[in-house]
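Below is one structure, written out as structure tokens; comments come after it.
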Amino acid sequence: MSMINCPDCGNQYSDKADSCPKCGCPNPYTKKKKAVWSSGRLIVGILSMVLPIGITFQSCVAGLGNALANNHATSGEQGVMLSAFMFIGGLIASVTRNSESRIVTMLPALFYWFGALMTLGSGATYGDLPIWGGFSFIFGLVYIVAGIKTKKNK
């Protein structure tokens with residue numbers, strides 16, 4: 001253990017301390033703690049901003065097929081809604097990946113699960129849509145588990 005000088009008040013304190021005991025200035029040599037699963041949350045966030053491109057394309061094709069067949073199916077619109085919810089969830093997830101707040105960590109799960117709800121009972125004309133909805137549901141689970149594992153701030 002070595003002693004360091006506080007850059008604000010000049011007081012000497014241990015390099016293991018989080019801040020100066022005299023003035024409260026943060027220790028410049030301590031590493032900032034990362035949030036729970038920060039890297040994994042970033043990867044899921046990026047995936048859920050890229051996947052909607054393919055989902056939207058497939059949904060447009062399915063919607064066109066529904067219109068040509070005049071079968072009154074809505075799976076194309078459901079796919080577009082899923083991709084919108086996934087994109088918004090991914091955007092929020094990427095921006096808040098270092099948050100240590102439970103609520104903020106779990107927020108993207110709401111968007112993922114709303115998107116997954118759009119896919120219930122929609123596999124008749126667009127068979128991949130329930131699969132994409134499953135991905136959305138799993139992405140939401142990642143953020144719920146990360147939020148549960150996040151410790152309460154003292």
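By convention here, the chains of the structure tokens are called A, B, ... in the order presented, each chain's residues are numbered starting at 1, and ligands are numbered starting at 1 in the order presented.
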
List the spatial neighbours of segment 55-70 of chain A as number ranges by chain - criterion: any atom at most 8 Å away, only C-alpha atoms, same-chain residues fewer than 2 positions off excluded.
A: 51-53, 72-80, 83, 125-126, 132

Pick out the residues sitting within 10 Å of Ala17 of chain A, and hand them over as a PyMOL selection string; count only C-alpha atoms, and ignore anything fewer than 3 positions along from it in its own chain.
chain A and resi 3-4+13-14+20-21+26-27+29-30

Please produce a file of those selected residues containing C-alpha atoms, as a compact mmCIF listing (two decimals), in the first residue's frame.
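The result, stored in selection-v2.txt:
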# COMPACT_ATOMS: atom_id res chain seq x y z
CA MET A 3 0.30 6.89 -0.10
CA ILE A 4 -0.80 9.44 -2.67
CA TYR A 13 -4.11 9.06 1.84
CA SER A 14 -3.97 5.41 0.78
CA CYS A 20 -9.72 11.68 -0.07
CA PRO A 21 -10.99 11.37 3.53
CA PRO A 26 -12.21 11.02 -5.94
CA ASN A 27 -9.02 8.99 -6.20
CA TYR A 29 -5.99 6.09 -9.72
CA THR A 30 -8.98 3.86 -8.99

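Computed from the coordinates, the atom CA of Leu47 of chain A to atom CA of Ala35 of chain A distance equals 19.2 Å.
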
Enumerate the residues of chain A with a DSSP assignment of strand (DSSP E or B), computed from the backbone, and present them as a list in words.
Met3, Ile4, Asn5, Gln12, Tyr13, Ser14, Ser19 and Pro26 of chain A
